[in-house]
Amino acid sequence: MLSEPRSGRLAAWGNALLAGLVSPDDAVLAVVGDDAVHRVEGLPGESGPVGLTLALGRLRALGVTGLRVALPAPGHPLGLSGPPAFNERALEAEEAVVATGAPYGLVPEVSEAGPDGDVHVEVVWHCLPVREAPPADVPSLGEAERELAEALREATAVLSRLDVAASGPVAEAALDAYRARVERGRELLAPGYPPRAVRVLELAQRVGLLVSMAYENGHGGAVSAAEMAARAQALRPVERTARRAQVAAYNAYVESQGRG
């Protein structure tokens with residue numbers, strides 16, 4: 001969860017483009033980020049993959065008025081609304097974008113090529129039909145913010161109680177990188193999002209950072225299988241809360257659009 005999901009970038013900057021707040025070139029540059037190229041396959045009326053600029057324009061012509069994010073995990077179809085075929089693809093990718101205003105969804109397929117140190121990442125977004133229904137288990141921004149505050153306390157307590165290795169060079173480097181990204185005012189969300197959504201997304205990423213450190217920095221004091229299982233059980237709901245908050249933040253534009 002340290003990395004911004006590609007579905008988040010596509011939804012956020014796609015929404016800004018749909019609202020006329022950014023140019024197509026700026027939106028595409030933000031979505032692609034450090035990747036080499038993004039294409040969209042399966043768009044109605046197109047026989048093959050097309051670039052993002054054309055794809056976003058075509059989706060608008062098809063009636064799309066907004067883009068939501070889904071970040072599903074096994075047993076938790078977060079942000080999905082069906083049908084099963086789309087849900088399965090999204091679960092395999094662990095993310096997806098679901099349109100509002102027209103029954104389409106986009107699931108990324110990521111491929112890498114090139115030697116170490118010069119790897120090129122290409123992304124193909126598969127456009128598939130979706131069911132027009134409320135997304136699963138997405139909280140409001142207010143709910144997400146309250147849940148995150150509690151989750152942050154729980155994550156800190158779990159790390160301390162189980163003596164998880166949340167310190168040392170690796171952990172300190174991760175924390176320093178997080179602080180640097182925040183301090184230089186990186187644009188977490190595209191123009192048009194409320195400040196509360198930015199705040200919720202920042203906190204969700206911080207909670208996700210703590211969870212990642214707990215899983216990636218060794219077993220700490222949890223040396224027995226039972227203790228390791230206890231750690232995983234304690235951290236699982238924290239990670240779930242952070243994912244729900246991320247989706248709430250990215251979907252805030254569409255939610256405000258609905259209230260309007």
# chains A, B, ... in the order shown; residues from 1 in each chain; ligands from 1
>>> residues_around(residues="Arg131 of chain A", least_positions_apart="2", cutoff="10 Å", atoms="only C-alpha atoms", output="list of chain:residue names")
A:Leu80, A:Ser81, A:Gly82, A:Pro83, A:Pro84, A:Phe86, A:Val98, A:Ala102, A:Pro103, A:Tyr104, A:Gly105, A:Pro129, A:Ala133, A:Pro134, A:Pro135
>>> residues_around(residues="Leu188 of chain A", least_positions_apart="6", cutoff="10 Å", atoms="only C-alpha atoms", output="PyMOL selection string")
chain A and resi 4+8-9+12+181-182+197-199+201-202+250
>>> closest_residue(among="A:Glu92, A:Asp25, A:Glu109, A:Glu147", to="His126 of chain A", atoms="only C-alpha atoms")
A:Glu109
>>> atom_distance(atom1="atom CA of Arg153 of chain A", atom2="atom CA of Glu95 of chain A")
26.7 Å
>>> residues_around(residues="Gly101 of chain A", least_positions_apart="6", cutoff="9 Å", atoms="only C-alpha atoms", output="ChimeraX atom specification")
/A:62-66,132
>>> write_last_selection(atoms="C-alpha atoms", output="tab-separated table (two decimals), in the first residue's frame")
chain	number	residue	atom	x	y	z
A	62	LEU	CA	-20.29	6.63	-24.15
A	63	GLY	CA	-21.86	8.47	-21.20
A	64	VAL	CA	-19.27	8.03	-18.46
A	65	THR	CA	-19.59	10.86	-15.92
A	66	GLY	CA	-17.20	9.67	-13.21
A	132	GLU	CA	-24.70	-0.69	-12.40
>>> residues_around(residues="Val121 of chain A", least_positions_apart="3", cutoff="10 Å", atoms="only C-alpha atoms", output="PyMOL selection string")
chain A and resi 32+34-38+110-114+118
>>> residues_around(residues="segment 43-45 of chain A", least_positions_apart="2", cutoff="12 Å", atoms="only C-alpha atoms", output="ChimeraX atom specification")
/A:39-41,47-52,54-62,102-106,124-129
>>> atom_distance(atom1="atom CA of Val200 of chain A", atom2="atom CA of Ala157 of chain A")
20.7 Å
>>> residues_around(residues="Ala248 of chain A", least_positions_apart="4", cutoff="8 Å", atoms="only C-alpha atoms", output="ChimeraX atom specification")
/A:138-141,144,197,244,252
>>> atom_distance(atom1="atom CA of Ala96 of chain A", atom2="atom CA of Ser212 of chain A")
21.4 Å
